[in-house]
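Colleague: Got a structure for you, questions after.
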Amino acid sequence: MSDHYGHVRVEQIKPQGEDAEKEAVASPDPSSITATTGTDASPGKQRGRGHSKPVPCVKAAPDWPLRGTAAPAVINLNNPGFERALQVKGSGSLLHGQSETNGNYLINRGPLETRREDGQSRKRRPVTVDTSKAKTSLEALKMSIKQLKWKEFPLGRRAPCDIYWHGVSFHDNENIVSGQVNKFPGMLEMLRKINMSRAVRTMQELFPEEYDFYPRSWILPEEYQLFTAQIRLIKEKDAAVNPTFIVKPDGGSQGDGIYLIRDPADLKLVVGSQAKQAVVQEYIPKPLLIDKLKFDIRLYVLIKSLEPLEIYIAKEGLTRFCTEPYQEPSQKNLSHVFMHLTNYSLNVHSGNFVHSDSQNTGSKRTLSSVLYRLAAKGVDIKRVWSDIIALVIKTVIAVVPELKVYYQADIPPGKPGPTCFQILGFDILLMKNLKPVLLEVNSNPSMRIEHEQEVAPGVFEFVPSPVDEEVKVGVIRDTLRLMDPFHKKPVMSSQDKSKGFEHREDIQMDGEPDSRSPDENQPSLCLKQVYPKYTKQFNHLRLVERIANLFIRFLGVKGNMRLGPTAFRTFIRTCKLSSSNFTMASVDILYIDITRRWAAAAADSREAGMGLQAFVEAFFYLAGRRFRSLPSREQVVSLLELCEAQLGPQSEDRRSLSCGRAPPPRAVKTQTPCLTYSQLASPAPQRRAASQDNRPLQALKPRTLRASVEN
Ligand code: ADP
């Protein structure tokens, strides 16, 4: 894995010139912590920025020196970005000496005033939020609403609300016809481990180098044979190689049911009489350690809209630490969950778990405190942060196609609404070489601001957690601010419009033009827009989304998510894909063959027909047939262009996506070949097998032990 991940990095480009420096000053980004040498950076020199408004998402300044770290000597306080970072990450106490509880300061703006163009302000009614289904996020949500002086409806409301806050899924409240819901239809399903793996692997087929941040994965039981064959091959090639794998049950969370293996024979394939659905994944043996402990990052990401795609990343997150010093996997330690699994829900039950009110010690810390610490050790934090941003954008691009299918099924065109947004929890591991690896994405990241504490032996109680409150209230509050229905969208300049955002070429870690407050009286947001800001670097990856757009056009019946045989034939006919070599009879056989195989893979599916993933496979096959001589990704691009040309502008089609009003994405020219025709023309698992390299892995003996997962 480390070999594989080691060499591909997203190019990180620094802002240039004076503007860049100004932006750096205005940036509360973790990446604005710069590691340089020879400058005095003692805590006493941390200064407030000198403006009169407090800043949200503020955190306690790390209490240097951190355990065993000679940090201050390597921080450059002359760097304005650093000064800003300290202040922003610092507690409210850095601001004019006012101490604020947990950094979540109360926003003291006038009661919901809006400013008219003539400069006069007028009162507006408060934004209304239905919190009746908020579940465990209720406390953080209540705080956020209070800070914004909005109106909460804890029991729901007969009249429509502006915002509906759901704890689980889009369907928590039924029959919402207006406003905004904090969940997308289908997100829960889409981010289950198997679906998520499939979506990322499809992208790996098209863009293997761009999607190298996701560990090699196999889906059980359907790819059991493939998995065993590949492992056998690796071991035959080099007997010293003995990789470790982590097995994750499909519907699991919080480490539940996860175990490590070193031999496919140790897989637990059946529960009762049922085959167990799971993902088996290459285990990352060399994570980055702090204080000899493995840790992972929980990053909060807001999908503000699907079309146009708008993604924001919270500049503050959490890090969760293991509670037993890390050793590379071996026969002896394979079952040591406190060593290998970073889940808070597991480690909180370890005797070594450290509850701390400070943000830079203990078993749960803020992301900024960890980045600060790494910066102090000379780590290029800007690079890490830019790699993380790239990982997030690429992952969202991988799941968007299927989300659009769900969206149009639940909110068909013509239906007044609602519209959706969602906060996701990205779990990211940093490898020893600082490469970020995606572990999973949670559709319902915990927004609880209390943690479990053992108050007496064996007795656990929920007590307030300042670190959780600090981070989560900031994320929810600023999400609400971005979704404020009364906030006028910034008007794009004609230059912006003509360039479709694409002039923003660089991933600028210091620049924060998009995290400015939607309300001028408000401090800057802790959510940073990363898309469309970085459209230009990532737009070429949105190929599967274009295939999904075609798929949706041919779905036919409102609310449908699967293509029937007739609709598939219509697609072939309309796009003129049949010929004397590829008759309609062959089309029917293709449909039956692929649909059957996918039906077997998703045995629990209630709907018959061809789903998006099956359609994508058929599309790849058709592309391979039609454009035999081209490299495989070019085949797909060429077929897309051909189909889109036959169909004309999507906006004229009433089946066009309901989740936005933007024109269809422009055709993207891609050049890099990745798969051979024979790979594309073969069934997906074989293609995947062919596209996965057999990198040498750790030499350790086989052994399986089930992790004793507690919840
Ligand atoms: P869950 O949803 O049950 O928390 P995760 O995929 O997040 O499942 O895995 C649980 C934990 O296992 C992670 O927090 C991480 O510490 C560890 N982990 C997961 N996948 C890997 C991997 N591929 N390599 C190393 N550690 C992993």
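We name chains A, B, ... following the order of the structure tokens; residues begin at 1 in each chain, and ligands are numbered from 1 as shown.
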Can you tell me which residues sit at most 6 Å away from ligand 1, counting only C-alpha atoms and all ligand atoms, written as a ChimeraX atom specification?

Modeller: /A:215,252-256,281-284,340-343,439-440

Colleague: Restrict the selected residues to N, CA and C atoms and save them as a PDB file, in the first residue's frame.

Modeller:
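To be explicit, this is the file written out as selection-v3.pdb:
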```pdb
ATOM      1  N   PRO A 215      -7.912   1.975  -0.205  1.00  0.00           N
ATOM      2  CA  PRO A 215      -7.225   0.679  -0.183  1.00  0.00           C
ATOM      3  C   PRO A 215      -7.905  -0.345  -1.090  1.00  0.00           C
ATOM      4  N   GLY A 252     -22.144  -2.365   9.041  1.00  0.00           N
ATOM      5  CA  GLY A 252     -21.551  -2.077  10.351  1.00  0.00           C
ATOM      6  C   GLY A 252     -21.115  -0.635  10.520  1.00  0.00           C
ATOM      7  N   SER A 253     -20.948  -0.252  11.783  1.00  0.00           N
ATOM      8  CA  SER A 253     -20.377   1.054  12.106  1.00  0.00           C
ATOM      9  C   SER A 253     -19.720   0.940  13.470  1.00  0.00           C
ATOM     10  N   GLN A 254     -18.961   1.941  13.823  1.00  0.00           N
ATOM     11  CA  GLN A 254     -18.285   2.017  15.127  1.00  0.00           C
ATOM     12  C   GLN A 254     -17.410   0.796  15.413  1.00  0.00           C
ATOM     13  N   GLY A 255     -16.836   0.266  14.368  1.00  0.00           N
ATOM     14  CA  GLY A 255     -15.928  -0.868  14.539  1.00  0.00           C
ATOM     15  C   GLY A 255     -16.639  -2.192  14.757  1.00  0.00           C
ATOM     16  N   ASP A 256     -17.965  -2.144  14.722  1.00  0.00           N
ATOM     17  CA  ASP A 256     -18.757  -3.336  15.017  1.00  0.00           C
ATOM     18  C   ASP A 256     -18.489  -4.458  14.013  1.00  0.00           C
ATOM     19  N   GLN A 281     -10.577  -5.555   2.968  1.00  0.00           N
ATOM     20  CA  GLN A 281      -9.755  -4.450   2.471  1.00  0.00           C
ATOM     21  C   GLN A 281      -8.302  -4.625   2.913  1.00  0.00           C
ATOM     22  N   GLU A 282      -7.432  -4.220   2.065  1.00  0.00           N
ATOM     23  CA  GLU A 282      -6.015  -4.223   2.421  1.00  0.00           C
ATOM     24  C   GLU A 282      -5.816  -3.371   3.676  1.00  0.00           C
ATOM     25  N   TYR A 283      -5.139  -3.913   4.657  1.00  0.00           N
ATOM     26  CA  TYR A 283      -4.899  -3.191   5.903  1.00  0.00           C
ATOM     27  C   TYR A 283      -3.664  -2.314   5.745  1.00  0.00           C
ATOM     28  N   ILE A 284      -3.761  -1.058   6.147  1.00  0.00           N
ATOM     29  CA  ILE A 284      -2.613  -0.147   6.039  1.00  0.00           C
ATOM     30  C   ILE A 284      -1.687  -0.427   7.223  1.00  0.00           C
ATOM     31  N   HIS A 340      -5.313  -1.396  16.847  1.00  0.00           N
ATOM     32  CA  HIS A 340      -5.539  -1.310  15.398  1.00  0.00           C
ATOM     33  C   HIS A 340      -6.744  -0.477  14.983  1.00  0.00           C
ATOM     34  N   LEU A 341      -7.749  -0.392  15.853  1.00  0.00           N
ATOM     35  CA  LEU A 341      -8.968   0.325  15.469  1.00  0.00           C
ATOM     36  C   LEU A 341      -9.059   1.629  16.258  1.00  0.00           C
ATOM     37  N   THR A 342      -9.284   2.702  15.539  1.00  0.00           N
ATOM     38  CA  THR A 342      -9.281   4.012  16.189  1.00  0.00           C
ATOM     39  C   THR A 342     -10.659   4.425  16.692  1.00  0.00           C
ATOM     40  N   ASN A 343     -11.663   3.578  16.502  1.00  0.00           N
ATOM     41  CA  ASN A 343     -13.025   3.982  16.867  1.00  0.00           C
ATOM     42  C   ASN A 343     -13.109   4.449  18.326  1.00  0.00           C
ATOM     43  N   LEU A 439     -10.863   5.804   4.708  1.00  0.00           N
ATOM     44  CA  LEU A 439     -11.346   4.578   5.345  1.00  0.00           C
ATOM     45  C   LEU A 439     -12.820   4.396   5.048  1.00  0.00           C
ATOM     46  N   GLU A 440     -13.598   5.421   5.325  1.00  0.00           N
ATOM     47  CA  GLU A 440     -15.009   5.358   4.984  1.00  0.00           C
ATOM     48  C   GLU A 440     -15.632   6.734   5.091  1.00  0.00           C
TER      49      GLU A 440
END
```

Colleague: Can you pull out every residue from region 331-483 of chain A that DSSP, working from the backbone, puts in alpha helix (DSSP H), and format the result as a PyMOL selection string?

Modeller: chain A and resi 337-340+344-347+367-376+381-410+466-483

Colleague: Here is a test: counting only C-alpha atoms, which residue of A:Glu644, A:Asp478, A:Asp130, A:Asp593 is nearest to Lys304 (chain A)?

Modeller: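 Among the listed residues, A:Asp478 lies closest to Lys304 (chain A).
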
Colleague: Write out as a list in words the residues lying within 8 Å of region 182-185 of chain A, counting only C-alpha atoms and excluding same-chain residues fewer than 6 positions away.

Modeller: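 In the requested format, the answer is Ile163, Tyr164, Trp165, His166, Val168, Ser169, Phe170, His171, Leu403, Tyr406, Tyr407, Asp410, Cys420, Phe421, Gln422 and Ile423 of chain A.
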
Colleague: Find the residues around Thr595 (chain A) up to 10 Å (only C-alpha atoms counted), leave out those fewer than 6 positions away in its own chain, and share them as number ranges by chain.

Modeller: A: 563-565, 589, 601, 608-611, 613-615, 617-618

Colleague: Give me a file of those residues, with all heavy atoms, as a CSV table (one decimal), in the first residue's frame.

Modeller:
```
chain,number,residue,atom,x,y,z
A,563,LEU,N,-33.7,0.6,-15.0
A,563,LEU,CA,-34.1,0.6,-16.4
A,563,LEU,C,-34.7,-0.7,-16.8
A,563,LEU,O,-34.0,-1.8,-16.6
A,563,LEU,CB,-32.8,0.9,-17.2
A,563,LEU,CG,-32.8,1.7,-18.4
A,563,LEU,CD1,-33.3,3.1,-18.1
A,563,LEU,CD2,-31.3,1.9,-18.9
A,564,GLY,N,-35.8,-0.7,-17.4
A,564,GLY,CA,-36.4,-1.9,-18.0
A,564,GLY,C,-35.8,-2.3,-19.3
A,564,GLY,O,-35.1,-1.4,-19.9
A,565,PRO,N,-36.1,-3.5,-19.8
A,565,PRO,CA,-35.5,-3.9,-21.1
A,565,PRO,C,-35.9,-3.0,-22.3
A,565,PRO,O,-35.1,-2.7,-23.2
A,565,PRO,CB,-36.0,-5.3,-21.3
A,565,PRO,CG,-37.1,-5.5,-20.3
A,565,PRO,CD,-36.9,-4.5,-19.2
A,589,ILE,N,-29.6,-9.6,-25.1
A,589,ILE,CA,-28.8,-10.6,-24.4
A,589,ILE,C,-27.9,-9.8,-23.4
A,589,ILE,O,-27.7,-10.2,-22.3
A,589,ILE,CB,-28.0,-11.4,-25.4
A,589,ILE,CG1,-28.9,-12.3,-26.1
A,589,ILE,CG2,-26.9,-12.3,-24.7
A,589,ILE,CD1,-28.3,-13.1,-27.3
A,601,ALA,N,-25.9,-10.1,-7.3
A,601,ALA,CA,-25.0,-9.4,-6.3
A,601,ALA,C,-25.8,-8.6,-5.3
A,601,ALA,O,-25.3,-8.5,-4.2
A,601,ALA,CB,-24.0,-8.5,-7.1
A,608,ALA,N,-36.9,-4.7,-9.8
A,608,ALA,CA,-36.3,-5.5,-10.9
A,608,ALA,C,-35.7,-4.5,-11.9
A,608,ALA,O,-36.1,-3.3,-12.0
A,608,ALA,CB,-37.3,-6.3,-11.6
A,609,GLY,N,-34.8,-4.9,-12.8
A,609,GLY,CA,-34.3,-4.1,-13.8
A,609,GLY,C,-32.8,-3.7,-13.7
A,609,GLY,O,-32.2,-4.3,-12.8
A,610,MET,N,-32.4,-2.8,-14.5
A,610,MET,CA,-31.0,-2.5,-14.5
A,610,MET,C,-30.7,-1.2,-13.7
A,610,MET,O,-31.2,-0.2,-14.1
A,610,MET,CB,-30.6,-2.3,-16.0
A,610,MET,CG,-29.1,-2.0,-16.2
A,610,MET,SD,-28.8,-1.7,-18.0
A,610,MET,CE,-28.1,-3.3,-18.4
A,611,GLY,N,-29.9,-1.4,-12.7
A,611,GLY,CA,-29.6,-0.2,-11.8
A,611,GLY,C,-28.4,0.5,-12.5
A,611,GLY,O,-27.9,0.1,-13.5
A,613,GLN,N,-25.3,1.0,-11.6
A,613,GLN,CA,-24.0,0.4,-11.6
A,613,GLN,C,-23.9,-0.6,-12.8
A,613,GLN,O,-22.9,-0.8,-13.5
A,613,GLN,CB,-23.6,-0.2,-10.3
A,613,GLN,CG,-23.3,0.8,-9.3
A,613,GLN,CD,-23.2,0.3,-7.9
A,613,GLN,OE1,-23.6,-0.8,-7.6
A,613,GLN,NE2,-22.6,1.2,-7.0
A,614,ALA,N,-25.1,-1.4,-13.0
A,614,ALA,CA,-25.1,-2.3,-14.1
A,614,ALA,C,-25.1,-1.6,-15.4
A,614,ALA,O,-24.4,-2.0,-16.4
A,614,ALA,CB,-26.4,-3.2,-14.0
A,615,PHE,N,-25.8,-0.5,-15.5
A,615,PHE,CA,-25.8,0.3,-16.7
A,615,PHE,C,-24.4,0.8,-17.0
A,615,PHE,O,-24.0,0.8,-18.2
A,615,PHE,CB,-26.8,1.5,-16.5
A,615,PHE,CG,-26.9,2.4,-17.7
A,615,PHE,CD1,-27.7,2.0,-18.8
A,615,PHE,CD2,-26.3,3.6,-17.8
A,615,PHE,CE1,-27.8,2.8,-20.0
A,615,PHE,CE2,-26.4,4.4,-18.9
A,615,PHE,CZ,-27.2,4.0,-20.0
A,617,GLU,N,-21.7,-0.6,-16.3
A,617,GLU,CA,-20.9,-1.7,-16.8
A,617,GLU,C,-21.3,-2.0,-18.3
A,617,GLU,O,-20.4,-2.2,-19.1
A,617,GLU,CB,-21.2,-3.0,-16.0
A,617,GLU,CG,-20.3,-4.2,-16.5
A,617,GLU,CD,-20.4,-5.4,-15.6
A,617,GLU,OE1,-20.8,-5.3,-14.4
A,617,GLU,OE2,-20.1,-6.5,-16.1
A,618,ALA,N,-22.6,-1.9,-18.6
A,618,ALA,CA,-23.0,-2.1,-20.0
A,618,ALA,C,-22.4,-1.0,-20.8
A,618,ALA,O,-22.0,-1.3,-22.0
A,618,ALA,CB,-24.6,-2.1,-20.0
```

Colleague: Give me the residues near Ala398 (chain A) as a short mmCIF file (atom, residue, chain, number, x, y, z; two decimals) with N, CA, C and O atoms, in the first residue's frame, where near means some atom within 10 Å (using only C-alpha atoms) and where sequence neighbours in that chain fewer than 3 positions away do not count.

Modeller:
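Output saved as result.cif:
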```cif
data_model
loop_
_atom_site.label_atom_id
_atom_site.label_comp_id
_atom_site.auth_asym_id
_atom_site.auth_seq_id
_atom_site.Cartn_x
_atom_site.Cartn_y
_atom_site.Cartn_z
N MET A 196 -20.27 1.99 -1.38
CA MET A 196 -19.20 3.00 -1.42
C MET A 196 -17.96 2.42 -2.13
O MET A 196 -17.36 3.07 -3.00
N SER A 197 -17.63 1.17 -1.78
CA SER A 197 -16.48 0.52 -2.41
C SER A 197 -16.70 0.39 -3.91
O SER A 197 -15.80 0.65 -4.71
N ARG A 198 -17.90 -0.02 -4.28
CA ARG A 198 -18.19 -0.18 -5.71
C ARG A 198 -18.00 1.14 -6.45
O ARG A 198 -17.41 1.18 -7.52
N ALA A 199 -18.56 2.21 -5.84
CA ALA A 199 -18.50 3.51 -6.52
C ALA A 199 -17.05 3.95 -6.69
O ALA A 199 -16.66 4.42 -7.76
N VAL A 200 -16.24 3.78 -5.64
CA VAL A 200 -14.85 4.23 -5.75
C VAL A 200 -14.08 3.33 -6.73
O VAL A 200 -13.26 3.79 -7.50
N ARG A 201 -14.41 2.04 -6.72
CA ARG A 201 -13.69 1.14 -7.63
C ARG A 201 -14.02 1.42 -9.10
O ARG A 201 -13.16 1.27 -9.97
N THR A 202 -15.24 1.83 -9.34
CA THR A 202 -15.57 2.20 -10.73
C THR A 202 -14.66 3.36 -11.15
O THR A 202 -14.13 3.40 -12.26
N MET A 203 -14.48 4.30 -10.23
CA MET A 203 -13.60 5.43 -10.54
C MET A 203 -12.15 4.97 -10.68
O MET A 203 -11.40 5.51 -11.49
N GLN A 204 -11.79 3.97 -9.87
CA GLN A 204 -10.41 3.44 -9.98
C GLN A 204 -10.18 2.81 -11.34
O GLN A 204 -9.08 2.83 -11.87
N TYR A 211 -7.41 7.83 -8.06
CA TYR A 211 -8.17 7.21 -6.97
C TYR A 211 -7.33 6.20 -6.19
O TYR A 211 -7.84 5.20 -5.71
N VAL A 392 -11.29 14.33 -0.69
CA VAL A 392 -12.72 14.59 -0.41
C VAL A 392 -13.47 14.85 -1.72
O VAL A 392 -14.52 14.25 -1.99
N ILE A 393 -12.92 15.72 -2.55
CA ILE A 393 -13.63 16.07 -3.79
C ILE A 393 -13.78 14.83 -4.67
O ILE A 393 -14.86 14.55 -5.21
N LYS A 394 -12.73 14.05 -4.78
CA LYS A 394 -12.79 12.86 -5.64
C LYS A 394 -13.80 11.84 -5.10
O LYS A 394 -14.50 11.19 -5.87
N THR A 395 -13.84 11.72 -3.79
CA THR A 395 -14.79 10.76 -3.22
C THR A 395 -16.23 11.21 -3.48
O THR A 395 -17.09 10.40 -3.85
N PRO A 401 -23.05 10.27 -8.86
CA PRO A 401 -23.93 9.71 -9.89
C PRO A 401 -25.11 8.93 -9.32
O PRO A 401 -26.26 9.16 -9.70
N GLU A 402 -24.84 8.05 -8.40
CA GLU A 402 -25.92 7.24 -7.81
C GLU A 402 -26.86 8.12 -6.98
O GLU A 402 -28.07 7.91 -6.96
N LEU A 403 -26.29 9.12 -6.32
CA LEU A 403 -27.13 10.03 -5.53
C LEU A 403 -28.14 10.74 -6.42
O LEU A 403 -29.28 10.97 -6.04
N LEU A 541 -13.05 14.32 -13.90
CA LEU A 541 -13.36 13.04 -13.25
C LEU A 541 -14.86 12.72 -13.30
O LEU A 541 -15.26 11.60 -12.98
N ARG A 542 -15.67 13.66 -13.73
CA ARG A 542 -17.12 13.47 -13.61
C ARG A 542 -17.72 12.72 -14.80
O ARG A 542 -18.77 13.06 -15.32
N LEU A 543 -17.04 11.67 -15.21
CA LEU A 543 -17.50 10.89 -16.36
C LEU A 543 -18.70 10.02 -16.02
O LEU A 543 -19.67 9.94 -16.78
N VAL A 544 -18.64 9.36 -14.88
CA VAL A 544 -19.73 8.44 -14.52
C VAL A 544 -21.02 9.23 -14.30
O VAL A 544 -22.12 8.76 -14.57
N GLU A 545 -20.85 10.45 -13.83
CA GLU A 545 -22.02 11.31 -13.64
C GLU A 545 -22.71 11.58 -14.98
O GLU A 545 -23.93 11.62 -15.07
#
```

Colleague: Among the residues of region 347-440 of chain A, find those DSSP assigns to strand (DSSP E) from the backbone and print them as a PyMOL selection string.

Modeller: chain A and resi 364-366+419-420+422-430+436-440

Colleague: Could you check the closest approach to Gln331 (chain A) for each of A:Leu346, A:Met561, A:Val301, A:Leu260 and tell me which residue wins, using only C-alpha atoms?

Modeller: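 Answer, going by the shortest atom-to-atom distance: A:Leu260.
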